[in-house]
Structures are given as C-alpha cells and as structure tokens.
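Asker: Next comes the structure file run-v4.cif, holding mmCIF, C-alpha atoms.
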data_protein
loop_
_atom_site.label_atom_id
_atom_site.label_comp_id
_atom_site.auth_asym_id
_atom_site.auth_seq_id
_atom_site.Cartn_x
_atom_site.Cartn_y
_atom_site.Cartn_z
CA MET R 544 95.10 134.99 13.66
CA ALA R 545 94.93 131.62 11.95
CA SER R 546 91.29 131.99 11.11
CA ALA R 547 91.72 135.33 9.29
CA PRO R 548 91.92 133.88 5.75
CA LEU R 549 88.82 131.76 6.41
CA LYS R 550 86.95 134.75 7.79
CA ALA R 551 87.83 136.68 4.65
CA GLN R 552 86.59 133.78 2.55
CA LEU R 553 83.33 133.69 4.50
CA THR R 554 82.84 137.42 4.10
CA ASP R 555 83.42 137.15 0.36
CA LEU R 556 80.98 134.27 0.10
CA LEU R 557 78.24 136.12 1.98
CA ASN R 558 78.83 139.33 0.03
CA SER R 559 78.48 137.45 -3.24
CA MET R 560 75.32 135.73 -2.03
CA PHE R 561 73.79 139.13 -1.24
CA ALA R 562 75.03 140.63 -4.51
CA MET R 563 73.53 137.80 -6.54
CA ASP R 564 70.22 137.94 -4.65
CA PHE R 565 70.59 134.50 -3.15
CA LEU R 566 70.04 136.30 0.16
CA ASP R 567 68.23 139.47 1.19
CA GLU R 568 67.90 141.72 4.26
CA GLN R 569 66.02 139.08 6.22
CA PHE R 570 69.22 137.00 6.42
CA LYS R 571 70.93 139.99 8.03
CA GLU R 572 68.16 139.91 10.66
CA LEU R 573 69.14 136.33 11.43
CA GLN R 574 72.82 137.28 11.60
CA MET R 575 71.91 139.94 14.17
CA LEU R 576 69.92 137.39 16.15
CA GLU R 577 72.96 135.12 16.23
CA GLU R 578 75.05 137.93 17.64
CA ALA R 579 72.62 138.18 20.53
CA SER R 580 71.83 134.53 21.07
CA GLY R 581 75.28 133.07 20.50
CA PRO R 582 76.98 130.88 17.87
CA GLY R 583 75.01 128.02 16.45
CA PHE R 584 71.71 129.78 15.87
CA LEU R 585 72.38 130.55 12.21
CA ALA R 586 73.64 127.03 11.56
CA GLU R 587 70.52 125.65 13.20
CA VAL R 588 68.03 127.76 11.21
CA VAL R 589 69.88 127.23 7.92
CA THR R 590 69.91 123.48 8.53
CA LEU R 591 66.24 123.56 9.50
CA PHE R 592 65.35 125.52 6.38
CA CYS R 593 67.31 123.24 4.06
CA GLY R 594 65.71 120.15 5.57
CA ASP R 595 62.22 121.62 5.28
CA ALA R 596 62.83 122.84 1.72
CA GLU R 597 64.16 119.48 0.60
CA ARG R 598 61.13 117.73 2.04
CA ILE R 599 58.68 120.16 0.43
CA ILE R 600 60.36 120.00 -2.97
CA SER R 601 60.25 116.20 -2.88
CA GLN R 602 56.58 116.33 -1.95
CA LEU R 603 55.89 118.77 -4.80
CA SER R 604 57.55 116.40 -7.23
CA VAL R 605 55.22 113.60 -6.10
CA LEU R 606 52.12 115.80 -6.27
CA ILE R 607 52.85 117.20 -9.72
CA ASN R 608 53.51 113.78 -11.19
CA GLU R 609 50.11 112.44 -10.11
CA PRO R 610 47.79 111.62 -13.04
CA VAL R 611 45.36 114.20 -11.68
CA VAL R 612 47.16 117.05 -10.00
CA ASP R 613 45.68 118.42 -6.78
CA PHE R 614 46.61 122.04 -7.35
CA GLY R 615 45.28 122.96 -3.92
CA LYS R 616 47.84 120.71 -2.23
CA VAL R 617 50.57 121.91 -4.56
CA ASP R 618 49.72 125.52 -3.72
CA ALA R 619 49.70 124.80 0.02
CA ASN R 620 53.18 123.27 -0.20
CA VAL R 621 54.55 126.12 -2.30
CA HIS R 622 53.01 128.60 0.13
CA GLN R 623 54.85 126.91 2.99
CA LEU R 624 58.15 126.98 1.08
CA LYS R 625 57.65 130.64 0.23
CA GLY R 626 57.07 131.39 3.89
CA SER R 627 60.17 129.67 5.16
CA SER R 628 62.38 130.95 2.33
CA SER R 629 61.21 134.52 3.03
CA SER R 630 61.88 134.02 6.74
CA VAL R 631 65.47 132.86 6.11
CA GLY R 632 66.10 135.53 3.48
CA ALA R 633 66.35 133.11 0.54
CA LYS R 634 65.30 135.72 -2.00
CA ARG R 635 65.62 133.81 -5.26
CA VAL R 636 63.84 130.75 -3.91
CA ALA R 637 61.02 132.95 -2.56
CA LEU R 638 60.64 134.71 -5.91
CA VAL R 639 60.32 131.44 -7.79
CA CYS R 640 57.69 130.37 -5.26
CA VAL R 641 55.62 133.42 -6.21
CA LYS R 642 55.81 132.41 -9.89
CA PHE R 643 54.96 128.85 -8.95
CA ARG R 644 51.85 129.91 -7.04
CA ASN R 645 50.68 131.96 -10.02
CA VAL R 646 50.79 129.01 -12.43
CA CYS R 647 49.33 126.76 -9.77
CA GLN R 648 46.35 129.02 -9.33
CA GLU R 649 45.79 128.78 -13.09
CA ASN R 650 45.82 124.96 -12.83
CA ASP R 651 48.70 124.97 -15.33
CA LYS R 652 50.45 121.61 -14.97
CA GLU R 653 53.18 122.34 -17.50
CA GLY R 654 53.81 125.65 -15.80
CA CYS R 655 54.06 123.87 -12.44
CA ILE R 656 56.56 121.38 -13.84
CA ALA R 657 58.71 124.21 -15.15
CA ALA R 658 58.43 126.14 -11.87
CA LEU R 659 59.37 123.06 -9.87
CA HIS R 660 62.43 122.57 -12.04
CA GLU R 661 63.40 126.18 -11.41
CA ILE R 662 62.86 125.90 -7.65
CA ARG R 663 64.98 122.75 -7.55
CA HIS R 664 67.76 124.56 -9.39
CA GLU R 665 67.62 127.66 -7.18
CA PHE R 666 67.46 125.67 -3.97
CA ASP R 667 70.35 123.39 -4.99
CA GLU R 668 72.52 126.42 -5.74
CA LEU R 669 71.61 128.04 -2.43
CA HIS R 670 72.09 124.79 -0.53
CA LYS R 671 75.64 124.41 -1.87
CA LYS R 672 76.50 127.93 -0.76
CA PHE R 673 74.94 127.38 2.67
CA GLN R 674 76.97 124.21 3.10
CA THR R 675 80.16 126.09 2.26
CA MET R 676 79.16 128.84 4.69
CA LEU R 677 78.55 126.37 7.51
CA GLN R 678 81.82 124.53 6.85
CA LEU R 679 83.75 127.79 6.96
CA GLU R 680 82.03 128.84 10.20
CA GLN R 681 82.83 125.51 11.78
CA GLN R 682 86.49 125.71 10.75
CA ILE R 683 86.70 129.27 12.07
CA GLN R 684 85.22 128.25 15.41
CA VAL R 685 87.71 125.41 15.74
CA LEU R 686 90.68 127.69 15.00
CA ASP R 687 89.43 130.49 17.26
CA SER R 688 88.91 128.11 20.18
CA LYS R 689 92.57 126.99 20.13
CA MET M 43 48.67 140.45 32.50
CA ALA M 44 48.96 136.70 33.23
CA SER M 45 49.81 136.02 36.86
CA SER M 46 53.49 136.68 37.73
CA GLN M 47 55.68 139.37 36.21
CA LEU M 48 56.98 137.08 33.46
CA VAL M 49 55.47 137.84 30.07
CA LYS M 50 53.96 134.68 28.64
CA VAL M 51 53.82 134.30 24.88
CA LEU M 52 52.03 131.70 22.79
CA ILE M 53 53.43 131.19 19.28
CA VAL M 54 50.89 129.71 16.87
CA ASP M 55 52.40 128.71 13.53
CA ASP M 56 52.51 125.44 11.61
CA ASP M 57 56.05 126.13 10.35
CA ASN M 58 58.74 124.78 12.66
CA PHE M 59 61.30 127.11 11.15
CA THR M 60 59.20 130.23 11.77
CA ARG M 61 58.51 129.21 15.37
CA ARG M 62 62.26 128.76 15.92
CA ILE M 63 62.99 132.30 14.73
CA TYR M 64 60.25 133.84 16.86
CA LYS M 65 61.48 131.94 19.92
CA THR M 66 65.01 133.21 19.41
CA MET M 67 63.76 136.78 19.09
CA LEU M 68 61.65 136.47 22.23
CA PHE M 69 64.33 134.73 24.31
CA ARG M 70 66.23 138.02 24.29
CA PHE M 71 63.54 139.42 26.54
CA CYS M 72 63.48 136.39 28.86
CA PHE M 73 59.81 135.79 28.12
CA GLU M 74 58.15 132.46 28.80
CA ILE M 75 57.35 130.89 25.46
CA THR M 76 54.97 128.15 24.41
CA GLU M 77 54.52 127.02 20.83
CA VAL M 78 51.74 125.16 19.05
CA GLU M 79 51.24 124.15 15.42
CA ASP M 80 47.68 125.20 14.72
CA GLY M 81 44.68 127.15 15.90
CA LYS M 82 43.00 124.15 17.46
CA ASN M 83 45.95 123.52 19.77
CA ALA M 84 46.07 127.22 20.56
CA ILE M 85 42.46 127.11 21.76
CA GLN M 86 43.22 124.00 23.81
CA GLN M 87 45.96 125.86 25.66
CA PHE M 88 43.36 128.26 27.04
CA VAL M 89 40.76 125.54 27.61
CA ASP M 90 43.39 123.79 29.74
CA GLY M 91 43.59 126.87 31.93
CA ASN M 92 46.86 128.31 30.67
CA GLU M 93 47.20 132.09 30.66
CA TYR M 94 49.13 134.16 28.16
CA ASP M 95 49.85 137.83 27.70
CA LEU M 96 50.50 137.67 23.99
CA VAL M 97 49.64 135.38 21.07
CA LEU M 98 51.56 135.50 17.80
CA MET M 99 49.06 134.04 15.34
CA ASP M 100 49.76 132.77 11.84
CA LYS M 101 46.87 132.55 9.36
CA HIS M 102 47.21 129.47 7.19
CA MET M 103 47.39 126.40 9.43
CA PRO M 104 45.89 122.91 9.35
CA ASN M 105 42.95 121.95 11.59
CA MET M 106 42.04 125.56 12.43
CA ASP M 107 43.38 128.71 10.81
CA GLY M 108 44.41 131.84 12.63
CA VAL M 109 41.29 133.84 11.87
CA GLU M 110 39.01 131.15 13.23
CA ALA M 111 41.24 130.68 16.27
CA THR M 112 41.17 134.43 16.94
CA ARG M 113 37.39 134.55 16.61
CA THR M 114 37.03 131.55 18.91
CA LEU M 115 39.27 133.05 21.59
CA ARG M 116 37.31 136.29 21.56
CA GLY M 117 34.09 134.31 21.70
CA MET M 118 35.42 132.59 24.82
CA GLY M 119 36.02 136.01 26.35
CA ILE M 120 39.81 135.63 26.32
CA PRO M 121 41.31 139.15 26.47
CA VAL M 122 44.88 138.14 25.47
CA LYS M 123 46.70 140.43 23.02
CA ILE M 124 46.64 138.76 19.61
CA VAL M 125 49.07 139.77 16.88
CA ALA M 126 48.33 138.29 13.48
CA ILE M 127 51.54 137.60 11.54
CA THR M 128 51.03 136.36 8.00
CA ASP M 129 52.17 136.93 4.43
CA ASP M 130 48.54 137.17 3.34
CA ALA M 131 48.02 140.92 3.15
CA SER M 132 44.42 140.48 2.05
CA SER M 133 43.51 138.89 5.38
CA LYS M 134 44.05 142.05 7.46
CA ASP M 135 40.42 143.13 7.65
CA THR M 136 39.28 139.58 8.35
CA PHE M 137 41.77 139.22 11.17
CA MET M 138 40.93 142.57 12.73
CA ASP M 139 37.20 141.84 12.48
CA ALA M 140 37.84 138.53 14.22
CA GLY M 141 39.39 140.42 17.12
CA ALA M 142 43.12 140.64 16.49
CA ASP M 143 44.85 143.60 18.12
CA LYS M 144 47.56 144.06 15.51
CA PHE M 145 48.34 142.77 12.02
CA LEU M 146 51.87 142.30 10.69
CA LEU M 147 53.16 141.02 7.39
CA LYS M 148 55.81 138.30 7.33
CA PRO M 149 58.72 138.09 7.54
CA LEU M 150 58.79 139.39 11.09
CA THR M 151 61.85 141.45 11.93
CA PHE M 152 63.23 142.09 15.37
CA SER M 153 62.39 145.79 15.17
CA MET M 154 58.78 145.00 14.23
CA LEU M 155 58.53 142.70 17.22
CA THR M 156 60.10 145.25 19.56
CA ASP M 157 57.68 147.95 18.40
CA ILE M 158 54.74 145.66 19.09
CA LEU M 159 56.01 144.69 22.54
CA LYS M 160 56.54 148.35 23.40
CA SER M 161 53.05 149.26 22.21
CA PHE M 162 51.63 146.68 24.60
CA ASN M 163 53.96 147.84 27.44
CA PHE M 164 55.63 144.44 27.65
CA LEU M 165 59.09 146.01 27.72
CA ASN M 166 60.27 147.92 30.77
#
Step by step, read the file and then write its structure as structure tokens.

Answerer:
Amino acid sequence: MASAPLKAQLTDLLNSMFAMDFLDEQFKELQMLEEASGPGFLAEVVTLFCGDAERIISQLSVLINEPVVDFGKVDANVHQLKGSSSSVGAKRVALVCVKFRNVCQENDKEGCIAALHEIRHEFDELHKKFQTMLQLEQQIQVLDSK
Amino acid sequence: MASSQLVKVLIVDDDNFTRRIYKTMLFRFCFEITEVEDGKNAIQQFVDGNEYDLVLMDKHMPNMDGVEATRTLRGMGIPVKIVAITDDASSKDTFMDAGADKFLLKPLTFSMLTDILKSFNFLN
C-alpha cells in the first residue's frame, strides 16, 4: 500500500511524542473517539486547541507586560490553557501551566515572565509536531482514497 | 426523564474545546445535546421551558459559575441530574452541597462518562 511508509512515519512521530511526554493518555482517549466518530475529529480538536492556545498565550503576553499586572486575569487565562491542554493530552504544556499558576498566585511578575517564555517554547514545539501529524494524516487519507 | 425517549443533555462549559470533546463522546449514544458557555445561560435554558435529563456542569465560568448555577437550579425545583466536571478538586463539597449528583475531575474520559450514564440508567 502506497501509504504504508507514511503510516510508519506517523506511528513513529506519535510514539516519540508519547515517549517525550508531549502527549499523555488523554490523547489516546481522543484517538479512540476518532475511531468511533470517523476521520477528521482529531484534526478538528487539535486545530481547535492550537488556535485557543495561541490566542491565550498572546493574551498572557499582553497582560504580563502591563505596567501593573492583573494577576487574577493572568491566572484565569492560565487556568483555561491548563484545562484545554489537559483535555487534549498536551502533558508538557499542562505541567508548565501548573508552574505558571503557582508563581501567579504569589504575584511574582518575573516568575510569570519566565513561565510564559517556557509555555511559549513548549507550545511551539508541540504545535510543530501536531502540524506534521496532521500533514501526514492528510497525505495518508489522500493515498488511501485512491 | 424529559419527555420522549431521547436523552437530552445540557453541556455547560466556557471552553469551546471541552464542549467539542463532550459532544463527540455523547454523539456515540445518539443523545440530544445542547451547549452553553456559562451558568447564566444554563439557567435561561430551563427558564425558557427546555427540559433536560442530564447537565454536565463546569465550575469556573464567566457570568455565573457552576456552583451558583447548580444551587439556582435546585432552588427552582429543577430535578435534572447534574454532574460537576472540573479540575478544581477542592470544590467537591461545595458542589455537592449546592445539589450536584456527581462530581468528576477533568479531564473526562469516555469510560468515566459511560459509568455515569449507566449509574443514571441512561444506557439501555
């Protein structure tokens, strides 16, 4: 089958993402849901998550760079990002969110700046891998439909 | 149960992504699903005369949080099954005191949902 090499590549990618804690068991839940609900579900939720995360991270950057930081708003945004990253199985992003909330609750601006930098890094790494995953899935679907 | 055999579920969560996942889980059972973004809109659903068999209630939401929404529904005499689903473990007692039937910690898995539905006899 023409798509076999791509499927192997996709499997390797996902295995490495699990091994490196980019993803956890919750992502496997979503994979099972896709099996039941049909192709496209995973792509949709991953795209939704990435869009939401990007928006929240941008908002956090604005909030933290205010002359007087509203740590309540920062915490609310980080809480939302933690929720959606946990729901998609984005383990490393969720873990950094926990650290972020801790420094936020101490009203530690420098700590928040550092945590934001870390979240940006972790999300960017995850986002790149998700994009590769979606591209591979799309190519596989095209080949399998021929 | 709400009129007709179809189980009617109200999803109350301010996160679009979370609501999407719950909907996909519930679609497997061919339930009728409505979603709202906060407790205030959840209350309005019932004020408007809509009936539900099950409410999946988040805690932290704008306008009205899940605990207040739960308390308000019970105060209105609404007997719907309410399942609190939140990552705030410390809110369990508050939710149960407000009248929730069950309390689950996020992230919700399909097996957790199935167990809840079975406990309420929503699965044949």

Asker: Once the PyMOL selection byres ((chain R) within 8 of (chain M)) has been applied to the shown file, what residues remain in the selection, as a VMD selection string?

Answerer: chain R and resid 569 572 576 579 to 580 588 591 to 592 623 626 to 627 629 to 630

Asker: Which residue out of R:Asp613, R:Glu587, R:Glu597, R:Glu661 has the minimum interatomic distance to Val636 in chain R when all atoms listed in the file are used?

Answerer: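 Checking each candidate against Val636 in chain R, we get R:Glu661 as the closest.
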
Asker: Using only C-alpha atoms and a cutoff of 10 Å, can you tell me which residues are near (69.7, 134.7, -8.3) in the file's coordinates, and write them out as a ChimeraX atom specification?

Answerer: /R:560-566,633-636,638-639,665,668-669

Asker: Work out how far apart CA of Thr112 in chain M and CA of Ala142 in chain M are and give it in Å to one decimal.

Answerer: 6.5 Å

Asker: For this file, the PyMOL selection byres ((chain R and resi 602) around 12) selects which residues, as a PyMOL selection string?

Answerer: chain R and resi 595-601+603-609+616-621+623-624+659+663

Asker: Please provide as a list in words all residues within 10 Å of Val641 in chain R, with the sequence filter that same-chain residues fewer than 4 positions apart are discarded (counting only C-alpha atoms).

Answerer: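 Near neighbours after the sequence-gap exclusion: Val621, His622, Lys625, Val636, Ala637, Asn645, Val646, Cys647 and Ala658 of chain R.
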
Asker: Evaluated on this file, the PyMOL selection byres ((chain M and resi 86-97) around 6) picks out some residues - which ones are they, written as a list in words?

Answerer: Met43, Ala44, Lys50, Val51, Leu52, Ile53, Asn83, Ala84, Ile85, Leu98, Met99, Val122, Lys123 and Ile124 of chain M

Asker: In terms of the shortest atom-to-atom distance over all atoms listed in the file, which of M:Val109, M:Met118, M:Val78, M:Val49 is closest to Asp139 in chain M?

Answerer: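 Ranking M:Val109, M:Met118, M:Val78, M:Val49 by distance to Asp139 in chain M, first place goes to M:Val109.
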
Asker: Please, what distance in Å, to one decimal, runs between CA of Pro104 in chain M and CA of Asn650 in chain R?

Answerer: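 A separation of 22.3 Å between them.
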
Asker: How close does each residue of range 576-671 of chain R get to range 677-682 of chain R, giving the shortest atom pair and distance in Å to one decimal for every residue with an atom at most 12 Å away, counting all atoms listed in the file, sorted by chain and residue number, as a tab-separated table?

Answerer:
residue	atom	partner	partner_atom	distance
R:Pro582	CA	R:Glu680	CA	9.4
R:Gly583	CA	R:Glu680	CA	9.4
R:Phe584	CA	R:Leu677	CA	11.3
R:Leu585	CA	R:Leu677	CA	8.8
R:Ala586	CA	R:Leu677	CA	6.4
R:Glu587	CA	R:Leu677	CA	9.9
R:Val588	CA	R:Leu677	CA	11.2
R:Val589	CA	R:Leu677	CA	8.7
R:Thr590	CA	R:Leu677	CA	9.2
R:His670	CA	R:Leu677	CA	10.4
R:Lys671	CA	R:Leu677	CA	10.0

Asker: May I ask for the distance between CA of Leu573 in chain R and CA of Leu557 in chain R, given in Å to one decimal place?

Answerer: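 Taking CA of Leu573 in chain R as the start and CA of Leu557 in chain R as the end point, the length is 13.1 Å.
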
Asker: For Lys82 in chain M, work out the shell of residues within 8 Å, counting only C-alpha atoms and skipping chain neighbours fewer than 6 positions away, then give it as a list in words.

Answerer: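 My reading of the contact set: Asn105, Met106 and Ala111 of chain M.
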